[in-house]
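Colleague: Contents are compact mmCIF, C-alpha atoms; file name protein-v3.txt:
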# COMPACT_ATOMS: atom_id res chain seq x y z
CA MET X 1 -49.81 77.83 208.80
CA VAL X 2 -49.92 79.13 205.21
CA THR X 3 -52.54 81.62 204.04
CA ARG X 4 -53.61 82.58 200.52
CA SER X 5 -54.01 85.98 198.92
CA VAL X 6 -56.05 86.95 195.89
CA ARG X 7 -55.00 90.11 194.03
CA SER X 8 -52.26 90.07 191.40
CA ALA X 9 -49.17 91.95 190.25
CA ARG X 10 -48.46 92.29 186.54
CA CYS X 11 -45.19 92.88 184.74
CA ARG X 12 -44.41 93.03 181.01
CA ALA X 13 -40.97 92.02 179.74
CA GLU X 14 -39.21 92.25 176.40
CA VAL X 15 -35.78 91.03 175.30
CA ILE X 16 -33.61 92.86 172.77
CA ILE X 17 -30.52 91.09 171.41
CA ALA X 18 -27.90 93.16 169.61
CA ALA X 19 -24.32 92.56 168.51
CA THR X 20 -21.79 95.01 169.91
CA ARG X 21 -18.97 96.46 167.80
CA GLY X 22 -15.56 98.04 168.21
CA VAL X 23 -12.64 97.90 170.60
CA GLY X 24 -14.78 98.73 173.61
CA ALA X 25 -16.95 95.68 172.93
CA MET X 26 -13.87 93.48 172.63
CA GLU X 27 -12.56 94.75 175.95
CA GLU X 28 -15.89 94.08 177.59
CA GLU X 29 -15.91 90.58 176.14
CA MET X 30 -12.93 89.82 178.35
CA HIS X 31 -15.23 90.24 181.33
CA THR X 32 -18.45 88.74 179.99
CA ASP X 33 -19.43 87.01 176.76
CA ALA X 34 -22.99 88.28 176.79
CA LYS X 35 -23.93 91.51 178.49
CA ILE X 36 -27.31 91.39 180.17
CA ARG X 37 -28.97 94.62 181.16
CA ALA X 38 -32.21 94.84 183.09
CA GLU X 39 -34.39 97.92 182.85
CA ILE X 40 -37.53 98.46 184.88
CA GLY X 41 -40.25 101.02 184.22
CA THR X 42 -43.67 101.71 185.72
CA GLY X 43 -46.26 101.97 183.42
CA CYS X 44 -54.23 78.80 184.06
CA SER X 45 -55.03 75.75 185.68
CA PRO X 46 -55.97 75.16 189.35
CA ARG X 47 -53.14 74.66 191.80
CA GLY X 48 -52.49 71.39 193.57
CA PRO X 49 -52.87 70.86 197.30
CA GLY X 50 -50.55 72.83 199.51
CA CYS X 51 -49.77 75.59 197.01
CA SER X 52 -50.89 79.08 198.01
CA LEU X 53 -49.76 81.06 195.01
CA ARG X 54 -52.20 83.39 193.30
CA HIS X 55 -53.61 82.90 189.80
CA PHE X 56 -51.04 82.87 186.97
CA ALA X 57 -51.44 84.20 183.46
CA CYS X 58 -48.87 84.60 180.71
CA GLU X 59 -48.94 85.88 177.14
CA GLN X 60 -45.84 85.51 174.97
CA ASN X 61 -44.79 87.21 171.75
CA LEU X 62 -47.16 90.09 172.44
CA LEU X 63 -44.76 92.75 171.13
CA SER X 64 -43.69 92.77 167.47
CA ARG X 65 -40.29 94.50 167.46
CA PRO X 66 -38.31 92.84 170.33
CA ASP X 67 -36.69 89.44 169.84
CA GLY X 68 -38.90 88.05 172.58
CA SER X 69 -41.54 89.35 174.94
CA ALA X 70 -43.91 88.20 177.64
CA SER X 71 -46.54 89.66 179.91
CA PHE X 72 -46.71 87.89 183.25
CA LEU X 73 -49.60 88.25 185.69
CA GLN X 74 -49.11 87.07 189.26
CA GLY X 75 -51.20 87.33 192.25
CA VAL X 76 -36.83 97.34 196.77
CA ALA X 77 -35.69 100.25 195.00
CA GLU X 78 -35.55 100.40 191.20
CA LYS X 79 -31.77 100.08 190.90
CA SER X 80 -31.62 97.33 193.49
CA ARG X 81 -34.36 95.38 191.73
CA GLU X 82 -32.59 95.77 188.39
CA ARG X 83 -29.37 94.42 189.89
CA LEU X 84 -31.11 91.40 191.41
CA ILE X 85 -32.85 90.54 188.14
CA ARG X 86 -29.68 91.05 186.10
CA ASN X 87 -27.64 88.82 188.42
CA THR X 88 -30.29 86.10 188.21
CA CYS X 89 -30.38 86.23 184.41
CA GLU X 90 -26.59 86.16 184.18
CA ALA X 91 -26.52 83.05 186.36
CA VAL X 92 -28.54 81.01 183.83
CA VAL X 93 -27.96 82.54 180.38
CA LEU X 94 -25.28 80.72 178.39
CA GLY X 95 -23.32 83.84 177.59
CA THR X 96 -20.46 82.00 175.84
CA LEU X 97 -22.87 81.26 172.98
CA HIS X 98 -23.35 85.00 172.40
CA PRO X 99 -19.88 86.60 172.12
CA ARG X 100 -19.87 90.39 171.82
CA THR X 101 -23.62 90.50 172.21
CA SER X 102 -25.85 92.70 174.32
CA ILE X 103 -29.00 91.13 175.75
CA THR X 104 -31.33 93.75 177.17
CA VAL X 105 -34.29 92.74 179.31
CA VAL X 106 -36.81 95.58 179.57
CA LEU X 107 -39.44 95.22 182.28
CA GLN X 108 -42.52 97.39 182.57
CA VAL X 109 -44.55 97.28 185.76
CA VAL X 110 -48.19 97.27 184.70
CA SER X 111 -49.64 96.89 188.21
CA ASP X 112 -48.26 96.17 191.67
CA ALA X 113 -50.41 94.21 194.10
CA GLY X 114 -47.50 92.62 195.96
CA SER X 115 -44.68 90.14 195.23
CA LEU X 116 -43.48 92.47 192.48
CA LEU X 117 -39.86 91.25 192.35
CA ALA X 118 -41.01 87.64 191.95
CA CYS X 119 -43.40 88.68 189.18
CA CYS X 120 -40.61 90.58 187.38
CA LEU X 121 -38.32 87.55 187.58
CA ASN X 122 -41.01 85.31 186.10
CA ALA X 123 -41.73 87.78 183.30
CA ALA X 124 -38.01 88.05 182.51
CA CYS X 125 -37.65 84.27 182.31
CA MET X 126 -40.59 83.84 179.96
CA ALA X 127 -39.38 86.70 177.75
CA LEU X 128 -35.91 85.10 177.50
CA VAL X 129 -37.57 81.83 176.52
CA ASP X 130 -39.70 83.63 173.95
CA ALA X 131 -36.56 85.23 172.49
CA GLY X 132 -34.87 81.84 172.18
CA VAL X 133 -31.96 82.80 174.45
CA PRO X 134 -30.07 79.63 175.45
CA MET X 135 -30.19 79.01 179.20
CA ARG X 136 -28.85 76.19 181.33
CA ALA X 137 -32.14 76.21 183.27
CA LEU X 138 -35.33 78.19 183.66
CA PHE X 139 -35.79 80.26 186.79
CA CYS X 140 -38.67 81.64 188.79
CA GLY X 141 -39.26 83.99 191.69
CA VAL X 142 -41.30 83.25 194.82
CA THR X 143 -42.01 85.73 197.61
CA CYS X 144 -42.76 84.79 201.22
CA ALA X 145 -43.87 87.01 204.09
CA LEU X 146 -43.81 86.41 207.84
CA ASP X 147 -46.39 88.20 209.96
CA SER X 148 -46.01 89.20 213.59
CA ASP X 149 -46.99 85.76 214.93
CA GLY X 150 -44.72 83.87 212.52
CA THR X 151 -47.38 82.83 210.02
CA LEU X 152 -45.88 82.26 206.57
CA VAL X 153 -47.70 83.82 203.63
CA LEU X 154 -46.77 82.80 200.09
CA ASP X 155 -47.13 85.34 197.29
CA PRO X 156 -48.22 88.17 199.64
CA THR X 157 -50.22 91.20 198.54
CA SER X 158 -48.96 94.76 199.00
CA LYS X 159 -51.01 95.10 202.18
CA GLN X 160 -49.61 91.85 203.58
CA GLU X 161 -46.07 92.97 202.76
CA LYS X 162 -46.55 96.26 204.60
CA GLU X 163 -47.91 94.48 207.67
CA ALA X 164 -45.32 91.69 207.60
CA ARG X 165 -42.41 91.38 210.01
CA ALA X 166 -40.21 90.11 207.15
CA VAL X 167 -40.48 89.72 203.38
CA LEU X 168 -38.21 87.29 201.52
CA THR X 169 -37.97 86.73 197.76
CA PHE X 170 -36.08 83.79 196.25
CA ALA X 171 -35.01 83.05 192.67
CA LEU X 172 -34.76 79.31 192.01
CA ASP X 173 -33.67 77.26 189.01
CA SER X 174 -35.78 74.54 187.39
CA VAL X 175 -33.21 71.74 187.53
CA GLU X 176 -32.32 71.31 191.20
CA ARG X 177 -34.45 74.10 192.74
CA LYS X 178 -31.08 75.71 193.44
CA LEU X 179 -31.10 79.15 195.04
CA LEU X 180 -29.90 81.72 192.50
CA MET X 181 -30.72 84.91 194.38
CA SER X 182 -32.41 86.07 197.56
CA SER X 183 -33.70 89.43 198.69
CA THR X 184 -34.80 89.88 202.28
CA LYS X 185 -36.24 92.68 204.37
CA GLY X 186 -37.13 92.67 208.05
CA LEU X 187 -36.36 90.44 211.03
CA TYR X 188 -36.39 86.65 210.94
CA SER X 189 -34.57 83.73 212.52
CA ASP X 190 -32.40 81.14 210.78
CA SER X 191 -35.13 78.55 211.17
CA GLU X 192 -37.71 80.91 209.64
CA LEU X 193 -35.36 81.57 206.73
CA GLN X 194 -35.07 77.84 206.06
CA GLN X 195 -38.84 77.46 206.41
CA CYS X 196 -39.44 80.19 203.83
CA LEU X 197 -36.85 78.73 201.45
CA ALA X 198 -38.44 75.26 201.70
CA ALA X 199 -41.89 76.75 201.03
CA ALA X 200 -40.54 78.69 198.03
CA GLN X 201 -38.88 75.56 196.60
CA ALA X 202 -42.13 73.63 196.94
CA ALA X 203 -44.13 76.47 195.35
CA SER X 204 -41.63 76.76 192.47
CA GLN X 205 -42.78 73.36 191.20
CA HIS X 206 -46.17 74.91 190.41
CA VAL X 207 -44.57 77.90 188.68
CA PHE X 208 -42.40 75.67 186.47
CA ARG X 209 -45.41 73.49 185.71
CA PHE X 210 -47.26 76.61 184.61
CA TYR X 211 -44.29 77.54 182.40
CA ARG X 212 -44.48 74.15 180.68
CA GLU X 213 -48.23 74.33 180.21
CA SER X 214 -48.00 77.85 178.83
CA LEU X 215 -45.31 76.88 176.33
CA GLN X 216 -47.19 73.74 175.31
CA ARG X 217 -50.32 75.78 174.62
CA ARG X 218 -48.36 78.25 172.49
CA TYR X 219 -46.43 75.72 170.42
CA SER X 220 -49.12 73.06 170.22
CA LYS X 221 -50.16 72.34 166.64
CA SER X 222 -53.71 71.78 167.77
So, in terms of C-alpha cells, how does the structure I just supplied come out?
Modeller:
Amino acid sequence: MVTRSVRSARCRAEVIIAATRGVGAMEEEMHTDAKIRAEIGTGCSPRGPGCSLRHFACEQNLLSRPDGSASFLQGVAEKSRERLIRNTCEAVVLGTLHPRTSITVVLQVVSDAGSLLACCLNAACMALVDAGVPMRALFCGVTCALDSDGTLVLDPTSKQEKEARAVLTFALDSVERKLLMSSTKGLYSDSELQQCLAAAQAASQHVFRFYRESLQRRYSKS
C-alpha cells in the first residue's frame, strides 16, 4: 500500500565555479580534478498512475551573480547532509573537464515539510544544470518512509517521518536508475529495503520527466 502526502519542502540552490591558483591547488588536483563543496543554510503537470510524489515546482536562473541557480519545491544533521550531497554530485560531475576548479553548491533551506534531503538533491541537480556543469547523468532524490504496519509512504511529510519506523532516501541517476547514494534511519528488513528502492526507482521516472519539462519550458523559443 502506498499513501500520498500533500505539503511541500523547498530548497534553493546556487552554483559558483571558480578557478583555483597556486601550489596548494596543484596538490589538490592530484586528488580531484574539480572540487565540489556543498553548503547548506536555513533560511507542473499531473503525475501518472502509481506515483505518489507531491507537487513539483522549479525556477531556474533566479539569482543573478552565481553561475547557475535553482529553487526547487517538493512536497540528518547539517554536516552529514552536506557530505551526502557532495558525494552524489562528485559521482556525476565530469571533474576532469574542470582542472584546478572549485565548484561550490550552496543550498538554502526555505521550508521543511519533510523529504528535505531529497529536495536538496533535486535543487542541487537543477542548479548544476543551470550552471552548465558537464555531468555524465542527471540525478534525483526520493525519500520513502515505512510506518509501524509496514505501509510504504513516498515523499513523506515531517509528521510522517517522525511517526515512521524507518526513513530511507535514495539518490538515483537518470541513465540506468543506478543507486548513487542512500541514507537510512530506523529499522527495516532486507525485503523492505528492496521494496523502498524499487518504489524510489519507479518514482524517479516522474522526477526526471519533470526535469525535462522544466528545461523545455525554459529554453523553448515559444
Colleague: Please report the interatomic distance between CA of Asp149 in chain X and CA of Ser183 in chain X in Å with one decimal.
Modeller: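 It comes out at 21.3 Å.
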Colleague: Using all atoms listed in the file and a cutoff of 12 Å, can you tell me which residues are near (-31.7, 71.8, 190.9) in the file's coordinates, and write them out as an mmCIF file with C-alpha atoms, in the frame of the given file?
Modeller:
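Full text of selection-v8.cif as output:
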data_model
loop_
_atom_site.group_PDB
_atom_site.id
_atom_site.type_symbol
_atom_site.label_atom_id
_atom_site.label_comp_id
_atom_site.auth_asym_id
_atom_site.auth_seq_id
_atom_site.Cartn_x
_atom_site.Cartn_y
_atom_site.Cartn_z
ATOM 1 C CA ARG X 136 -28.850 76.190 181.330
ATOM 2 C CA ALA X 137 -32.140 76.210 183.270
ATOM 3 C CA LEU X 138 -35.330 78.190 183.660
ATOM 4 C CA PHE X 139 -35.790 80.260 186.790
ATOM 5 C CA ALA X 171 -35.010 83.050 192.670
ATOM 6 C CA LEU X 172 -34.760 79.310 192.010
ATOM 7 C CA ASP X 173 -33.670 77.260 189.010
ATOM 8 C CA SER X 174 -35.780 74.540 187.390
ATOM 9 C CA VAL X 175 -33.210 71.740 187.530
ATOM 10 C CA GLU X 176 -32.320 71.310 191.200
ATOM 11 C CA ARG X 177 -34.450 74.100 192.740
ATOM 12 C CA LYS X 178 -31.080 75.710 193.440
ATOM 13 C CA LEU X 179 -31.100 79.150 195.040
ATOM 14 C CA LEU X 180 -29.900 81.720 192.500
ATOM 15 C CA GLN X 201 -38.880 75.560 196.600
ATOM 16 C CA SER X 204 -41.630 76.760 192.470
ATOM 17 C CA GLN X 205 -42.780 73.360 191.200
#
Colleague: Nearest to Arg212 in chain X: which of X:Leu97, X:Ala200, X:Ala118, X:Met126 is it, counting only C-alpha atoms?
Modeller: X:Met126
Colleague: Taking only C-alpha atoms into account, which of X:Leu152, X:Met181, X:Leu128, X:Leu215 comes nearest Leu193 in chain X?
Modeller: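 Looking only at the distances to Leu193 in chain X, the closest residue turns out to be X:Leu152.
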Colleague: Give me the residues within 8 Å of range 142-147 of chain X as a CSV table (one decimal) with C-alpha atoms, in the coordinates of the input, counting only C-alpha atoms and dropping any in the same chain fewer than 5 places off.
Modeller:
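For reference, part_36.csv as written:
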chain,number,residue,atom,x,y,z
X,115,SER,CA,-44.7,90.1,195.2
X,117,LEU,CA,-39.9,91.2,192.4
X,118,ALA,CA,-41.0,87.6,192.0
X,152,LEU,CA,-45.9,82.3,206.6
X,153,VAL,CA,-47.7,83.8,203.6
X,154,LEU,CA,-46.8,82.8,200.1
X,155,ASP,CA,-47.1,85.3,197.3
X,156,PRO,CA,-48.2,88.2,199.6
X,160,GLN,CA,-49.6,91.8,203.6
X,161,GLU,CA,-46.1,93.0,202.8
X,163,GLU,CA,-47.9,94.5,207.7
X,164,ALA,CA,-45.3,91.7,207.6
X,165,ARG,CA,-42.4,91.4,210.0
X,166,ALA,CA,-40.2,90.1,207.2
X,167,VAL,CA,-40.5,89.7,203.4
X,168,LEU,CA,-38.2,87.3,201.5
X,169,THR,CA,-38.0,86.7,197.8
X,170,PHE,CA,-36.1,83.8,196.2
X,171,ALA,CA,-35.0,83.0,192.7
X,196,CYS,CA,-39.4,80.2,203.8
X,200,ALA,CA,-40.5,78.7,198.0
X,203,ALA,CA,-44.1,76.5,195.4
X,204,SER,CA,-41.6,76.8,192.5
Colleague: Any idea what the distance is between CA of Ser182 in chain X and CA of Ala202 in chain X?
Modeller: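 About the pair CA of Ser182 in chain X and CA of Ala202 in chain X: they are 15.8 Å apart.
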Colleague: State, in Å with one decimal place, the distance from CA of Leu121 in chain X to CA of Thr88 in chain X.
Modeller: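 According to the coordinates, CA of Leu121 in chain X and CA of Thr88 in chain X are separated by 8.2 Å.
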Colleague: Using only C-alpha atoms for the distances, tell me which of X:His98, X:His206, X:Lys159, X:Arg81 is nearest to Gly132 in chain X.
Modeller: X:His98
